[in-house]
Amino acid sequence: MHALANTALLERLVSVSDEKVDPDADVVARFCAGERGAFDLLVRRHQQGVWRLARRYTKHDADAADVTQLVFVKAFNALVGFRGAATVRSWLYRITINAALTWVRDHKRELASEIPEDALVEAAAAETAIAAGQEAGRLRAAIAQLPPKQKLVLELRVFDDLAFKEVAELADCSENTAKVNFHYAVKRLRELLGDREGSDV
Amino acid sequence: MSELDENDDKLVAKLRALPSEGTEPDWNQLAQRIHASLPSEVHRPWWRTLLQPRWLAPILAGAVGLGALVVIETRSTEKSVPHEVAMLHDASVEDSAHTDETDDVALDTPTSADMLLWLDGAEVAIDSAAEDVLDVDDLLLGQSTERAEGLMTTDDSWVDGLDDADVAALDQWLDQQTAKKKKG
């Protein structure tokens with residue numbers, strides 16, 4: 001009897017802990033009340049994550065910085081209309097993905113004529129990198145070969161450390177679909193890496 | 001779908017430990033650059049100003065007052081409509097009663113506003129506005145009218161041909177016309 005009650009209590013605790021309060025909510029409230037400086041705090045909290053996310057799309061450091069700046073300018077103008085349906089972080093990341101995709105589309109021709117900074121890591125050099133045993137390059141090359149949805153979900157979950165709920169919002173799918181995609185992405189990565197990861201580690 | 005096993009978890013941990021791509025910028029410098037590109041003041045839409053507590057009470061009071069006015073106005077309009085209809089109904093009854101008293105010949109005259117007449121073989125609708133001009137009663141007098149119409153000639157010799165009944169009918173018609181003109 002006690003065991004059942006304890007289980008129910010634990011389940012309730014887990015469900016409560018899953019619904020975390022947005023840590024940026026108070027900053028947004030201060031900004032909406034007219035406090036301009038509150039936005040600087042948001043920039044300092046999230047610029048690193050925004051830059052990294054943008055960098056994965058643009059493949060250039062400077063371009064990622066430009067996209068980051070653009071993202072925060074857009075966020076500044078739109079934050080008063082932010083309703084709090086998602087966390088501020090996932091809202092910023094949504095803006096980042098859209099801005100980065102637009103940037104890539106607008107600069108497609110320039111990108112095609114240039115050699116990307118991490119060209120060696122990309123698909124063509126993947127096998128070389130794997131053969132050379134470069135650990136980081138080998139892993140990144142394997143990630144680059146994942147289907148787009150699985151790649152997006154894996155990167156958001158692993159590199160951006162987002163909850164599955166936030167991943168689902170950004171990937172335009174349900175939370176369960178995001179979990180399934182993540183699961184298949186990991187399994188696929190192990191296949192691509194020759195299933196050596198577990199034994200290597 | 002099976003759960004991730006231990007090897008999967010190790011792979012995920014390895015991925016998490018990967019250094020970020022590219023060379024990260026100077027974060028302070030980037031923050032300053034972003035700060036410089038933003039407006040100096042927060043742009044707030046006008047309606048957000050109205051949502052402040054100090055404005056809520058007057059706005060709510062105004063909305064309630066306006067709503068009450070609309071309700072009162074709607075109810076007074078609903079009440080006034082049957083009264084007007086009743087007045088119109090009474091007036092039409094009075095008119096028909098008046099016609100019965102003064103004009104026995106016009107009993108068969110249609111009471112609707114529009115009347116149909118055959119003119120030159122065509123059906124013509126004439127509304128009540130044209131009654132004064134056309135003197136519709138004269139056209140709808142029936143047998144008496146037909147007799148009266150016989151008088152509308154330039155030759156006066158027809159008078160000699162009238163019998164007593166015709167003269168009586170003519171006298172009656174003239175009396176009616178005179179009475180109508182006096183009233184009109």
# chains A, B, ... in the order shown; residues from 1 in each chain; ligands from 1
$ residues_around --residues "Glu24 of chain B" --least-positions-apart "6" --cutoff "10 Å" --atoms "only C-alpha atoms" --output "PDB file with N, CA and C atoms, in the first residue's frame"
ATOM      1  N   GLN A  48      25.808  32.850 -26.918  1.00  0.00           N
ATOM      2  CA  GLN A  48      26.685  31.719 -27.224  1.00  0.00           C
ATOM      3  C   GLN A  48      25.903  30.594 -27.920  1.00  0.00           C
ATOM      4  N   TRP A  51      24.868  31.722 -31.384  1.00  0.00           N
ATOM      5  CA  TRP A  51      26.005  31.717 -32.314  1.00  0.00           C
ATOM      6  C   TRP A  51      26.337  30.285 -32.767  1.00  0.00           C
ATOM      7  N   ARG A  52      26.370  29.360 -31.822  1.00  0.00           N
ATOM      8  CA  ARG A  52      26.703  27.963 -32.166  1.00  0.00           C
ATOM      9  C   ARG A  52      25.678  27.369 -33.131  1.00  0.00           C
ATOM     10  N   ARG A  55      26.176  28.935 -36.436  1.00  0.00           N
ATOM     11  CA  ARG A  55      27.437  28.455 -37.026  1.00  0.00           C
ATOM     12  C   ARG A  55      27.258  27.120 -37.753  1.00  0.00           C
ATOM     13  N   ASP A  61      32.478  31.544 -39.132  1.00  0.00           N
ATOM     14  CA  ASP A  61      32.411  32.208 -37.825  1.00  0.00           C
ATOM     15  C   ASP A  61      31.813  33.612 -37.931  1.00  0.00           C
ATOM     16  N   ALA A  62      32.323  34.389 -38.873  1.00  0.00           N
ATOM     17  CA  ALA A  62      31.886  35.780 -38.999  1.00  0.00           C
ATOM     18  C   ALA A  62      30.408  35.854 -39.411  1.00  0.00           C
ATOM     19  N   ALA A  64      28.176  33.642 -38.765  1.00  0.00           N
ATOM     20  CA  ALA A  64      27.397  33.247 -37.590  1.00  0.00           C
ATOM     21  C   ALA A  64      27.222  34.439 -36.650  1.00  0.00           C
ATOM     22  N   ALA A  65      28.254  35.251 -36.525  1.00  0.00           N
ATOM     23  CA  ALA A  65      28.161  36.451 -35.675  1.00  0.00           C
ATOM     24  C   ALA A  65      27.149  37.439 -36.261  1.00  0.00           C
TER      25      ALA A  65
END
$ residues_around --residues "segment 16-22 of chain B" --least-positions-apart "3" --cutoff "7 Å" --atoms "only C-alpha atoms" --output "NGL selection string"
(:A and (61 or 136 or 158-159)) or (:B and (12-13))
$ residues_around --residues "Cys173 of chain A" --least-positions-apart "4" --cutoff "12 Å" --atoms "only C-alpha atoms" --output "PyMOL selection string"
chain A and resi 149-150+152-153+164-169+177-181
$ interface_residues --of "chain A" --to "chain B" --cutoff "6 Å" --atoms "only C-alpha atoms" --output "MDAnalysis selection string"
chainID A and resid 34 36 69 158 198
$ residues_around --residues "segment 79-83 of chain A" --least-positions-apart "4" --cutoff "12 Å" --atoms "only C-alpha atoms" --output "ChimeraX atom specification"
/A:24-25,27-36,38-39,42,71-75,87-92,95 /B:42-49
$ write_last_selection --atoms "N, CA and C atoms" --output "tab-separated table (two decimals), in the first residue's frame"
chain	number	residue	atom	x	y	z
A	24	ASP	N	13.91	32.87	-17.93
A	24	ASP	CA	13.98	34.21	-18.53
A	24	ASP	C	12.67	34.99	-18.41
A	25	ALA	N	11.68	34.38	-17.79
A	25	ALA	CA	10.36	35.02	-17.75
A	25	ALA	C	10.41	36.39	-17.06
A	27	VAL	N	12.94	38.37	-16.77
A	27	VAL	CA	13.70	39.32	-17.60
A	27	VAL	C	12.80	39.90	-18.70
A	28	VAL	N	11.99	39.01	-19.28
A	28	VAL	CA	11.07	39.46	-20.32
A	28	VAL	C	10.05	40.44	-19.74
A	29	ALA	N	9.56	40.12	-18.54
A	29	ALA	CA	8.59	41.01	-17.89
A	29	ALA	C	9.20	42.39	-17.64
A	30	ARG	N	10.45	42.40	-17.22
A	30	ARG	CA	11.12	43.69	-16.97
A	30	ARG	C	11.30	44.46	-18.28
A	31	PHE	N	11.64	43.73	-19.33
A	31	PHE	CA	11.81	44.38	-20.65
A	31	PHE	C	10.48	44.96	-21.12
A	32	CYS	N	9.41	44.17	-20.97
A	32	CYS	CA	8.09	44.64	-21.42
A	32	CYS	C	7.62	45.85	-20.59
A	33	ALA	N	8.14	45.94	-19.37
A	33	ALA	CA	7.78	47.10	-18.53
A	33	ALA	C	8.59	48.34	-18.92
A	34	GLY	N	9.49	48.18	-19.88
A	34	GLY	CA	10.23	49.34	-20.38
A	34	GLY	C	11.70	49.37	-19.99
A	35	GLU	N	12.17	48.32	-19.30
A	35	GLU	CA	13.57	48.32	-18.86
A	35	GLU	C	14.46	47.82	-20.00
A	36	ARG	N	15.10	48.74	-20.65
A	36	ARG	CA	15.92	48.42	-21.83
A	36	ARG	C	17.08	47.50	-21.49
A	38	ALA	N	17.31	45.07	-19.53
A	38	ALA	CA	16.98	43.65	-19.35
A	38	ALA	C	17.33	42.86	-20.61
A	39	PHE	N	17.26	43.51	-21.73
A	39	PHE	CA	17.56	42.79	-22.97
A	39	PHE	C	19.05	42.45	-23.06
A	42	LEU	N	19.57	39.21	-21.53
A	42	LEU	CA	19.17	38.10	-22.42
A	42	LEU	C	20.26	37.81	-23.45
A	71	VAL	N	19.53	38.12	-35.23
A	71	VAL	CA	18.56	37.42	-34.39
A	71	VAL	C	18.16	38.29	-33.20
A	72	PHE	N	19.14	38.90	-32.57
A	72	PHE	CA	18.81	39.71	-31.38
A	72	PHE	C	18.11	41.01	-31.76
A	73	VAL	N	18.40	41.54	-32.92
A	73	VAL	CA	17.66	42.73	-33.36
A	73	VAL	C	16.19	42.37	-33.59
A	74	LYS	N	15.98	41.22	-34.23
A	74	LYS	CA	14.59	40.77	-34.46
A	74	LYS	C	13.90	40.49	-33.13
A	75	ALA	N	14.62	39.85	-32.24
A	75	ALA	CA	14.04	39.52	-30.93
A	75	ALA	C	13.68	40.78	-30.15
A	87	THR	N	9.62	28.56	-24.19
A	87	THR	CA	10.64	29.26	-23.40
A	87	THR	C	11.30	30.31	-24.28
A	88	VAL	N	11.90	31.29	-23.64
A	88	VAL	CA	12.57	32.34	-24.40
A	88	VAL	C	13.71	31.74	-25.23
A	89	ARG	N	14.38	30.76	-24.65
A	89	ARG	CA	15.50	30.13	-25.36
A	89	ARG	C	15.03	29.45	-26.66
A	90	SER	N	13.98	28.65	-26.56
A	90	SER	CA	13.52	27.97	-27.77
A	90	SER	C	12.94	28.97	-28.77
A	91	TRP	N	12.34	30.06	-28.24
A	91	TRP	CA	11.83	31.12	-29.13
A	91	TRP	C	13.00	31.77	-29.87
A	92	LEU	N	14.08	32.04	-29.15
A	92	LEU	CA	15.28	32.63	-29.78
A	92	LEU	C	15.89	31.66	-30.80
A	95	ILE	N	13.95	31.70	-34.00
A	95	ILE	CA	14.33	32.87	-34.81
A	95	ILE	C	15.69	32.61	-35.47
B	42	VAL	N	12.72	50.85	-25.53
B	42	VAL	CA	11.85	49.71	-25.84
B	42	VAL	C	10.62	50.23	-26.57
B	43	HIS	N	10.37	49.66	-27.73
B	43	HIS	CA	9.18	50.06	-28.47
B	43	HIS	C	7.98	49.30	-27.93
B	44	ARG	N	7.06	50.03	-27.35
B	44	ARG	CA	5.89	49.37	-26.77
B	44	ARG	C	4.65	49.76	-27.55
B	45	PRO	N	3.84	48.81	-27.95
B	45	PRO	CA	2.61	49.14	-28.67
B	45	PRO	C	1.66	49.91	-27.77
B	46	TRP	N	0.83	50.80	-28.36
B	46	TRP	CA	-0.02	51.69	-27.58
B	46	TRP	C	-0.99	50.93	-26.67
B	47	TRP	N	-1.43	49.75	-27.15
B	47	TRP	CA	-2.42	49.03	-26.36
B	47	TRP	C	-1.83	48.44	-25.09
B	48	ARG	N	-0.52	48.25	-25.08
B	48	ARG	CA	0.12	47.73	-23.86
B	48	ARG	C	0.10	48.80	-22.76
B	49	THR	N	0.19	50.07	-23.16
B	49	THR	CA	0.10	51.16	-22.19
B	49	THR	C	-1.26	51.15	-21.50
$ select_by_dssp --residues "segment 7-80 of chain A" --states "alpha helix (DSSP H)" --output "ChimeraX atom specification"
/A:7-18,25-32,37-58,61-78
$ atom_distance --atom1 "atom CA of Asp156 of chain B" --atom2 "atom CA of Lys182 of chain B"
26.7 Å
